[in-house]
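Have a look at my_file_13.txt; it's compact mmCIF, C-alpha atoms:
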```txt
# COMPACT_ATOMS: atom_id res chain seq x y z
CA THR A 1083 112.90 98.64 127.71
CA TRP A 1084 110.08 101.04 128.45
CA THR A 1085 109.28 103.66 131.05
CA LYS A 1086 105.69 104.57 131.88
CA LEU A 1087 105.07 108.30 131.62
CA ASN A 1088 101.74 108.70 133.43
CA ASP A 1089 98.03 108.67 132.72
CA PHE A 1090 98.16 112.33 131.78
CA ALA A 1091 95.26 112.34 129.33
CA GLY A 1092 91.59 112.37 130.12
CA ASN A 1093 91.20 109.97 127.19
CA LEU A 1094 93.67 107.14 126.68
CA ALA A 1095 92.26 105.90 123.35
CA VAL A 1096 95.19 107.04 121.23
CA GLY A 1097 94.32 106.48 117.57
CA CYS A 1098 97.49 107.90 116.02
CA LEU A 1099 100.94 109.12 116.98
CA THR A 1100 103.11 111.30 114.73
CA MET A 1101 106.65 112.64 115.01
CA ASP A 1102 107.64 115.93 113.41
CA PRO A 1103 110.03 114.89 110.58
CA ASN A 1104 112.04 118.07 111.15
CA ASN A 1105 112.24 117.84 114.93
CA PRO A 1106 112.04 114.43 116.67
CA ASP A 1107 111.35 116.11 120.01
CA VAL A 1108 107.91 117.20 118.76
CA LEU A 1109 105.16 114.58 118.88
CA TYR A 1110 101.41 114.67 118.27
CA ALA A 1111 98.97 112.13 119.73
CA GLY A 1112 95.43 112.01 118.33
CA THR A 1113 92.74 110.49 120.55
CA GLY A 1114 89.67 108.46 119.70
CA GLU A 1115 88.81 105.41 117.60
CA GLY A 1116 87.35 106.45 114.25
CA PHE A 1117 87.24 103.24 112.24
CA GLY A 1118 83.75 102.02 112.98
CA ASN A 1119 84.14 99.44 115.73
CA ILE A 1120 80.99 99.21 117.85
CA ASP A 1121 82.92 99.66 121.12
CA ALA A 1122 84.88 102.70 119.91
CA ILE A 1123 85.82 105.41 122.41
CA THR A 1124 85.35 109.02 121.26
CA GLY A 1125 88.44 111.22 121.37
CA GLU A 1126 89.05 114.45 123.26
CA GLY A 1127 91.41 116.10 120.77
CA ILE A 1128 95.13 116.16 120.01
CA TRP A 1129 97.94 116.19 122.55
CA LYS A 1130 101.37 117.66 121.73
CA SER A 1131 104.79 117.13 123.25
CA ALA A 1132 107.84 119.32 122.64
CA ASP A 1133 110.25 117.24 124.73
CA ALA A 1134 110.18 113.82 123.04
CA GLY A 1135 107.14 112.66 124.98
CA THR A 1136 108.15 113.52 128.52
CA THR A 1137 105.35 116.07 128.98
CA TRP A 1138 102.18 116.69 126.95
CA THR A 1139 99.73 119.55 126.40
CA LEU A 1140 96.20 119.25 125.03
CA LEU A 1141 95.66 121.48 121.99
CA SER A 1142 92.46 123.18 123.11
CA ALA A 1143 91.33 124.06 119.58
CA THR A 1144 91.05 120.34 118.77
CA ALA A 1145 88.55 119.48 121.50
CA THR A 1146 85.69 119.26 118.98
CA PHE A 1147 87.53 117.08 116.47
CA GLY A 1148 85.92 113.85 117.67
CA ASN A 1149 88.09 110.91 116.66
CA CYS A 1150 91.50 111.84 115.28
CA ASN A 1151 92.56 109.10 112.87
CA ARG A 1152 95.79 110.47 111.37
CA ILE A 1153 98.16 113.41 111.80
CA ALA A 1154 100.72 114.51 109.20
CA VAL A 1155 103.38 117.20 109.59
CA ALA A 1156 104.69 118.91 106.45
CA PRO A 1157 108.30 117.82 105.72
CA ALA A 1158 109.25 121.33 104.57
CA ASN A 1159 107.45 123.30 107.27
CA SER A 1160 106.79 122.04 110.79
CA SER A 1161 104.15 124.72 111.33
CA VAL A 1162 101.85 123.00 108.82
CA VAL A 1163 99.96 120.09 110.37
CA LEU A 1164 97.09 118.07 108.88
CA ALA A 1165 94.66 116.12 111.04
CA GLY A 1166 92.28 113.56 109.59
CA THR A 1167 89.28 113.16 111.90
CA SER A 1168 85.89 111.47 111.88
CA THR A 1169 84.27 114.80 110.99
CA ASN A 1170 86.70 116.68 108.69
CA LEU A 1171 90.25 117.06 107.49
CA TYR A 1172 91.73 119.99 109.41
CA ARG A 1173 94.83 122.10 108.69
CA SER A 1174 96.97 124.19 111.00
CA THR A 1175 99.69 126.64 109.98
CA ASN A 1176 100.98 127.34 113.49
CA GLY A 1177 101.85 123.93 114.88
CA GLY A 1178 98.36 123.07 116.09
CA THR A 1179 97.36 126.23 117.92
CA THR A 1180 94.54 127.08 115.51
CA TRP A 1181 92.89 125.06 112.72
CA THR A 1182 90.76 125.51 109.62
CA THR A 1183 88.65 122.93 107.77
CA ALA A 1184 90.53 121.78 104.66
CA ILE A 1185 87.98 119.18 103.48
CA THR A 1186 84.51 118.43 104.84
CA GLY A 1187 83.96 114.73 105.53
CA SER A 1188 85.42 111.89 107.53
CA CYS A 1189 89.15 111.47 106.89
CA GLN A 1190 90.82 108.22 107.89
CA GLN A 1191 94.19 108.74 106.21
CA VAL A 1192 96.40 111.67 105.27
CA LEU A 1193 100.12 111.63 104.47
CA PHE A 1194 102.86 113.60 102.73
CA ASP A 1195 104.87 112.44 99.73
CA PRO A 1196 108.44 111.60 100.86
CA ASN A 1197 109.77 112.80 97.48
CA ASN A 1198 107.70 115.98 97.20
CA ALA A 1199 107.36 118.05 100.37
CA ASN A 1200 104.33 119.96 99.10
CA ARG A 1201 102.31 117.00 97.86
CA CYS A 1202 99.94 115.10 100.13
CA VAL A 1203 97.02 112.73 99.74
CA ALA A 1204 93.93 112.06 101.86
CA TYR A 1205 91.15 109.49 101.96
CA ILE A 1206 87.74 111.13 102.47
CA PHE A 1207 84.41 109.44 103.16
CA THR A 1208 81.33 111.63 102.89
CA GLY A 1209 77.77 111.25 101.63
CA GLY A 1210 78.17 107.49 101.42
CA VAL A 1211 81.04 107.77 98.91
CA CYS A 1212 84.78 107.49 99.37
CA SER A 1213 87.33 109.46 97.37
CA LEU A 1214 91.04 110.17 97.27
CA ARG A 1215 92.08 113.83 97.33
CA ILE A 1216 95.43 115.27 96.28
CA SER A 1217 97.12 118.54 97.24
CA ASN A 1218 100.23 120.10 95.73
CA ASP A 1219 100.48 123.02 98.16
CA ALA A 1220 100.85 121.24 101.51
CA GLY A 1221 97.12 120.87 102.03
CA ALA A 1222 95.97 124.42 101.32
CA THR A 1223 93.90 123.36 98.28
CA TRP A 1224 92.74 119.94 97.09
CA SER A 1225 91.61 118.15 93.93
CA THR A 1226 89.86 114.79 93.51
CA SER A 1227 91.60 111.78 91.95
CA THR A 1228 90.02 109.38 89.46
CA TYR A 1229 89.54 106.73 92.15
CA SER A 1230 85.83 106.08 92.77
CA ASN A 1231 85.25 102.50 93.80
CA GLY A 1232 82.71 101.71 96.47
CA VAL A 1233 82.77 102.76 100.07
CA GLY A 1234 85.44 100.52 101.57
CA ARG A 1235 88.31 101.66 103.74
CA ILE A 1236 91.59 102.60 102.06
CA GLU A 1237 95.14 102.64 103.39
CA LEU A 1238 97.78 104.45 101.33
CA ALA A 1239 101.55 104.26 101.00
CA TYR A 1240 104.12 106.12 98.93
CA ALA A 1241 106.99 104.18 97.36
CA ARG A 1242 109.98 106.24 98.49
CA ALA A 1243 112.37 104.56 96.03
CA THR A 1244 110.17 105.41 93.02
CA PRO A 1245 108.91 109.00 92.75
CA ASN A 1246 105.17 109.37 92.04
CA LEU A 1247 104.46 105.68 92.76
CA MET A 1248 101.74 104.92 95.31
CA PHE A 1249 99.84 101.85 96.49
CA ALA A 1250 96.45 101.48 98.18
CA ALA A 1251 95.11 98.54 100.20
CA VAL A 1252 91.35 98.67 99.65
CA ASP A 1253 88.38 97.02 101.35
CA ILE A 1254 86.62 95.79 98.20
CA ASN A 1255 85.74 92.14 97.43
CA PHE A 1256 87.74 90.79 100.37
CA GLY A 1257 90.70 93.01 99.64
CA GLN A 1258 92.32 94.61 96.62
CA LEU A 1259 95.59 96.39 95.83
CA TRP A 1260 95.51 99.53 93.65
CA ARG A 1261 98.42 101.49 92.19
CA SER A 1262 99.08 105.02 90.98
CA THR A 1263 102.14 106.05 89.00
CA ASP A 1264 101.40 109.78 88.94
CA GLY A 1265 101.33 110.67 92.62
CA GLY A 1266 97.74 109.69 93.30
CA ASN A 1267 95.72 111.19 90.44
CA VAL A 1268 95.00 108.09 88.34
CA TRP A 1269 94.56 104.63 89.89
CA THR A 1270 94.44 101.11 88.46
CA GLN A 1271 93.72 97.80 90.15
CA MET A 1272 96.63 95.38 90.28
CA ALA A 1273 96.13 91.82 89.08
CA ALA A 1274 97.10 90.59 92.51
CA THR A 1275 96.54 87.09 93.81
CA GLY A 1276 96.60 85.86 97.38
CA LEU A 1277 94.67 88.79 98.81
CA THR A 1278 91.42 86.89 99.34
CA GLY A 1279 90.24 84.16 101.63
CA SER A 1280 91.88 85.40 104.83
CA MET A 1281 90.24 84.70 108.16
CA ASN A 1282 87.28 86.99 108.72
CA PRO A 1283 88.16 89.12 105.66
CA SER A 1284 85.16 91.39 106.25
CA GLN A 1285 87.15 93.10 108.99
CA ILE A 1286 89.31 95.02 106.49
CA TRP A 1287 87.23 98.05 107.53
CA TYR A 1288 89.07 97.70 110.85
CA ASN A 1289 92.32 95.84 110.03
CA ASP A 1290 94.10 97.59 107.17
CA CYS A 1291 97.71 98.69 106.70
CA ILE A 1292 100.31 98.71 103.95
CA TRP A 1293 104.08 99.18 103.78
CA VAL A 1294 106.38 99.62 100.78
CA ASP A 1295 110.11 98.95 101.14
CA PRO A 1296 111.76 102.42 101.02
CA THR A 1297 114.72 100.95 99.11
CA ASP A 1298 112.89 98.59 96.72
CA SER A 1299 109.39 99.38 95.46
CA THR A 1300 108.79 95.77 94.41
CA ARG A 1301 108.59 94.71 98.07
CA ILE A 1302 105.18 95.36 99.58
CA VAL A 1303 103.57 94.08 102.78
CA VAL A 1304 99.81 94.35 103.33
CA GLY A 1305 98.23 93.70 106.72
CA TRP A 1306 94.58 92.76 107.05
CA THR A 1307 93.53 89.87 109.26
CA SER A 1308 96.60 88.07 107.93
CA LEU A 1309 99.89 89.47 106.60
CA TYR A 1310 100.65 89.32 102.87
CA ARG A 1311 103.92 89.99 101.05
CA SER A 1312 104.73 90.78 97.42
CA THR A 1313 108.18 90.80 95.83
CA ASP A 1314 107.02 91.74 92.33
CA GLY A 1315 105.48 95.16 92.85
CA GLY A 1316 102.04 93.88 93.79
CA ALA A 1317 101.41 91.51 90.88
CA THR A 1318 101.25 88.52 93.24
CA PHE A 1319 101.19 88.04 97.01
CA SER A 1320 101.82 85.23 99.47
CA VAL A 1321 100.61 84.82 103.06
CA ILE A 1322 103.51 85.30 105.47
CA ALA A 1323 101.54 85.16 108.74
CA ASP A 1324 97.97 84.05 109.37
CA GLY A 1325 97.77 84.97 113.03
CA GLY A 1326 98.12 81.38 114.16
CA GLY A 1327 94.45 80.78 113.49
CA TYR A 1328 93.46 83.48 115.99
CA VAL A 1329 95.47 81.62 118.63
CA ILE A 1330 98.17 83.66 120.35
CA ASP A 1331 101.25 82.08 118.80
CA GLU A 1332 104.74 83.13 119.88
CA ASP A 1333 106.08 82.27 116.44
CA LEU A 1334 103.63 84.33 114.41
CA PRO A 1335 102.21 87.85 114.60
CA HIS A 1336 98.72 87.78 116.05
CA ALA A 1337 95.78 88.41 113.74
CA ASP A 1338 94.24 91.84 112.93
CA ASN A 1339 97.01 94.13 111.71
CA HIS A 1340 96.93 97.92 112.10
CA ALA A 1341 100.41 99.29 111.37
CA ILE A 1342 103.65 98.32 109.63
CA VAL A 1343 106.72 100.49 110.27
CA ALA A 1344 110.36 100.06 109.30
CA ASP A 1345 113.30 100.74 111.58
CA PRO A 1346 114.60 104.31 110.99
CA GLY A 1347 117.91 102.79 109.87
CA TYR A 1348 116.32 100.38 107.41
CA ASN A 1349 118.53 100.10 104.30
CA GLY A 1350 117.24 96.93 102.63
CA THR A 1351 120.46 94.98 103.22
CA SER A 1352 122.19 95.00 106.60
CA ASN A 1353 119.11 96.43 108.33
CA ARG A 1354 115.80 94.96 107.20
CA THR A 1355 113.91 95.31 110.48
CA VAL A 1356 110.17 95.93 110.17
CA TYR A 1357 107.66 96.18 113.03
CA VAL A 1358 104.04 95.02 112.86
CA CYS A 1359 101.34 96.28 115.22
CA ASN A 1360 98.29 94.10 115.80
CA ASP A 1361 95.48 93.16 118.18
CA GLY A 1362 97.69 90.67 120.02
```
Represent the structure from my file as C-alpha cells, please.
Amino acid sequence: TWTKLNDFAGNLAVGCLTMDPNNPDVLYAGTGEGFGNIDAITGEGIWKSADAGTTWTLLSATATFGNCNRIAVAPANSSVVLAGTSTNLYRSTNGGTTWTTAITGSCQQVLFDPNNANRCVAYIFTGGVCSLRISNDAGATWSTSTYSNGVGRIELAYARATPNLMFAAVDINFGQLWRSTDGGNVWTQMAATGLTGSMNPSQIWYNDCIWVDPTDSTRIVVGWTSLYRSTDGGATFSVIADGGGYVIDEDLPHADNHAIVADPGYNGTSNRTVYVCNDG
C-alpha cells in the first residue's frame, strides 16, 4: 500500500533516490533526467528528508547541478555525500549543505564499495570520452582505471559476496559485460553470450542496469530492453523477460529496464525477492 505525500517539489522529474546507509530516516532525491532522452526535463537540485520521506527540503547549494543522476552516501560517514550530475561529480562533507567539484565532467553513476567503506567508483563522460574513476578516500581524490572503450553508457555493480569483484554493463556493440577483480582498476571483457539481439538494442544509452546477487557472485541480472540472467559469473546469459514484445503483459516485466534492487532481507535461500523498475 502507498500513501501520497504531496507535490512538494517544483520539479517532479526524480532521477535518483538514495537512503543513508547509516540512518534510514535520511533520504536524498535528485531531480532531472540526465541520460540523453530528447524529452528530458532539467532538474532543480537535490531534495533531502530527515524523517523517512514525510517532509523534504531543497538543498539550495545544488540548484545549479542540472540533472542529478546518482547520489551516494559514504557507509562510514553520513556527512560525506557524492552527487553525479550532468555537469560534474560533486562532493559534500556536511550532509549536502555545501559542495565542491570532485571531478569535472558528466557523471551518470557513482557508488561505494560494500566491502570497503572508503572506496568508490564513478563513470565520467567528458570531451567525448568515457572513463571509470576510482577513489580510496571516500571521494576526496580520484585516479583513472584502465577502462577506455568507446563512449557508451556504463552501469556498475559491486559483488558483495566477493571482495574487489565488480561488473559493468556497457553500451558497446549492442551490449557487453565487463569485469574487474581488483576493485575497478583493471577491466576485462567477459566472453558472454546472449547479450545481443534484444529489441531496439540501441537504447542501452537509456535502458541500462545491473544487479549481482549479494550472496552468490555467479548470479547476475542485466536489464536493457530485455532482462538477462547469468548463473556462471557472466560467462553466459539467457533472456528471462523480453518485455512481451513491447506489449504490456501481466506475466512479464515491461520492456526498458532502469533499476534492479533486492529486498533488504534477501539471503539467497528463503528470501530471493528482487524488484525490477521499467518503463511499464
Please, which residues in range 1158-1193 of chain A fall within 12 Å of range 1118-1142 of chain A when counting all atoms listed in the file, and what is the closest atom pair and distance in Å to one decimal for each, ordered by chain then residue number, as JSON lines?
```
{"residue": "A:Val1163", "atom": "CA", "partner": "A:Ile1128", "partner_atom": "CA", "distance": 11.5}
{"residue": "A:Leu1164", "atom": "CA", "partner": "A:Ile1128", "partner_atom": "CA", "distance": 11.5}
{"residue": "A:Ala1165", "atom": "CA", "partner": "A:Ile1128", "partner_atom": "CA", "distance": 9.0}
{"residue": "A:Gly1166", "atom": "CA", "partner": "A:Ile1128", "partner_atom": "CA", "distance": 11.1}
{"residue": "A:Thr1167", "atom": "CA", "partner": "A:Gly1127", "partner_atom": "CA", "distance": 9.6}
{"residue": "A:Ser1168", "atom": "CA", "partner": "A:Thr1124", "partner_atom": "CA", "distance": 9.7}
{"residue": "A:Thr1169", "atom": "CA", "partner": "A:Gly1125", "partner_atom": "CA", "distance": 11.7}
{"residue": "A:Tyr1172", "atom": "CA", "partner": "A:Ile1128", "partner_atom": "CA", "distance": 11.8}
{"residue": "A:Ser1174", "atom": "CA", "partner": "A:Leu1141", "partner_atom": "CA", "distance": 11.4}
{"residue": "A:Asn1176", "atom": "CA", "partner": "A:Leu1141", "partner_atom": "CA", "distance": 11.6}
{"residue": "A:Gly1177", "atom": "CA", "partner": "A:Lys1130", "partner_atom": "CA", "distance": 9.3}
{"residue": "A:Gly1178", "atom": "CA", "partner": "A:Leu1141", "partner_atom": "CA", "distance": 6.7}
{"residue": "A:Thr1179", "atom": "CA", "partner": "A:Leu1141", "partner_atom": "CA", "distance": 6.5}
{"residue": "A:Thr1180", "atom": "CA", "partner": "A:Leu1141", "partner_atom": "CA", "distance": 8.6}
{"residue": "A:Trp1181", "atom": "CA", "partner": "A:Leu1141", "partner_atom": "CA", "distance": 10.3}
{"residue": "A:Ser1188", "atom": "CA", "partner": "A:Gly1118", "partner_atom": "CA", "distance": 11.4}
{"residue": "A:Gln1190", "atom": "CA", "partner": "A:Gly1118", "partner_atom": "CA", "distance": 10.7}
```
Please dump the current selection as a compact mmCIF listing (two decimals), in the frame of the given file; keep C-alpha atoms.
```txt
# COMPACT_ATOMS: atom_id res chain seq x y z
CA VAL A 1163 99.96 120.09 110.37
CA LEU A 1164 97.09 118.07 108.88
CA ALA A 1165 94.66 116.12 111.04
CA GLY A 1166 92.28 113.56 109.59
CA THR A 1167 89.28 113.16 111.90
CA SER A 1168 85.89 111.47 111.88
CA THR A 1169 84.27 114.80 110.99
CA TYR A 1172 91.73 119.99 109.41
CA SER A 1174 96.97 124.19 111.00
CA ASN A 1176 100.98 127.34 113.49
CA GLY A 1177 101.85 123.93 114.88
CA GLY A 1178 98.36 123.07 116.09
CA THR A 1179 97.36 126.23 117.92
CA THR A 1180 94.54 127.08 115.51
CA TRP A 1181 92.89 125.06 112.72
CA SER A 1188 85.42 111.89 107.53
CA GLN A 1190 90.82 108.22 107.89
```
For a cut-off of 7 Å around (90.7, 96.2, 106.9), file coordinates, pick out all residues using only C-alpha atoms and list them as a ChimeraX atom specification. /A:1235,1253,1285-1290,1306
Measure the distance from CA of Ser1320 in chain A to CA of Asn1246 in chain A in Å and round it to one decimal.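 Taking CA of Ser1320 in chain A and CA of Asn1246 in chain A, their separation equals 25.5 Å.
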Cys1291 in chain A surroundings by all atoms listed in the file, 12 Å radius, close-in-sequence under 5 positions cut, as a ChimeraX atom specification: /A:1190-1191,1235-1239,1249-1253,1257,1259,1286,1302-1310,1338-1343,1358-1360
Taking C-alpha atoms for each residue, export the selection above as a JSON list (two decimals), in the coordinates of the input.
```json
[["chain", "number", "residue", "atom", "x", "y", "z"],
["A", 1190, "GLN", "CA", 90.82, 108.22, 107.89],
["A", 1191, "GLN", "CA", 94.19, 108.74, 106.21],
["A", 1235, "ARG", "CA", 88.31, 101.66, 103.74],
["A", 1236, "ILE", "CA", 91.59, 102.60, 102.06],
["A", 1237, "GLU", "CA", 95.14, 102.64, 103.39],
["A", 1238, "LEU", "CA", 97.78, 104.45, 101.33],
["A", 1239, "ALA", "CA", 101.55, 104.26, 101.00],
["A", 1249, "PHE", "CA", 99.84, 101.85, 96.49],
["A", 1250, "ALA", "CA", 96.45, 101.48, 98.18],
["A", 1251, "ALA", "CA", 95.11, 98.54, 100.20],
["A", 1252, "VAL", "CA", 91.35, 98.67, 99.65],
["A", 1253, "ASP", "CA", 88.38, 97.02, 101.35],
["A", 1257, "GLY", "CA", 90.70, 93.01, 99.64],
["A", 1259, "LEU", "CA", 95.59, 96.39, 95.83],
["A", 1286, "ILE", "CA", 89.31, 95.02, 106.49],
["A", 1302, "ILE", "CA", 105.18, 95.36, 99.58],
["A", 1303, "VAL", "CA", 103.57, 94.08, 102.78],
["A", 1304, "VAL", "CA", 99.81, 94.35, 103.33],
["A", 1305, "GLY", "CA", 98.23, 93.70, 106.72],
["A", 1306, "TRP", "CA", 94.58, 92.76, 107.05],
["A", 1307, "THR", "CA", 93.53, 89.87, 109.26],
["A", 1308, "SER", "CA", 96.60, 88.07, 107.93],
["A", 1309, "LEU", "CA", 99.89, 89.47, 106.60],
["A", 1310, "TYR", "CA", 100.65, 89.32, 102.87],
["A", 1338, "ASP", "CA", 94.24, 91.84, 112.93],
["A", 1339, "ASN", "CA", 97.01, 94.13, 111.71],
["A", 1340, "HIS", "CA", 96.93, 97.92, 112.10],
["A", 1341, "ALA", "CA", 100.41, 99.29, 111.37],
["A", 1342, "ILE", "CA", 103.65, 98.32, 109.63],
["A", 1343, "VAL", "CA", 106.72, 100.49, 110.27],
["A", 1358, "VAL", "CA", 104.04, 95.02, 112.86],
["A", 1359, "CYS", "CA", 101.34, 96.28, 115.22],
["A", 1360, "ASN", "CA", 98.29, 94.10, 115.80]]
```
Figure out the distance between CA of Gln1258 in chain A and CA of Asn1231 in chain A, please, to one decimal in Å.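 So the answer is 11.0 Å.
One distance worth recording is that between CA of Trp1269 in chain A and CA of Cys1150 in chain A, which is 26.6 Å.
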When you look at Asp1264 in chain A with a cut-off of 9 Å (counting all atoms listed in the file), what residues show up, excluding the ones that are within fewer than 6 positions of it in the same chain? I need them as number ranges by chain. A: 1245-1248
Identify, on the basis of all atoms listed in the file, every residue whose closest approach to Leu1193 in chain A does not exceed 6 Å; exclude the query and any residue fewer than 3 positions from it along the same chain; express the result as a ChimeraX atom specification. /A:1154,1202-1203
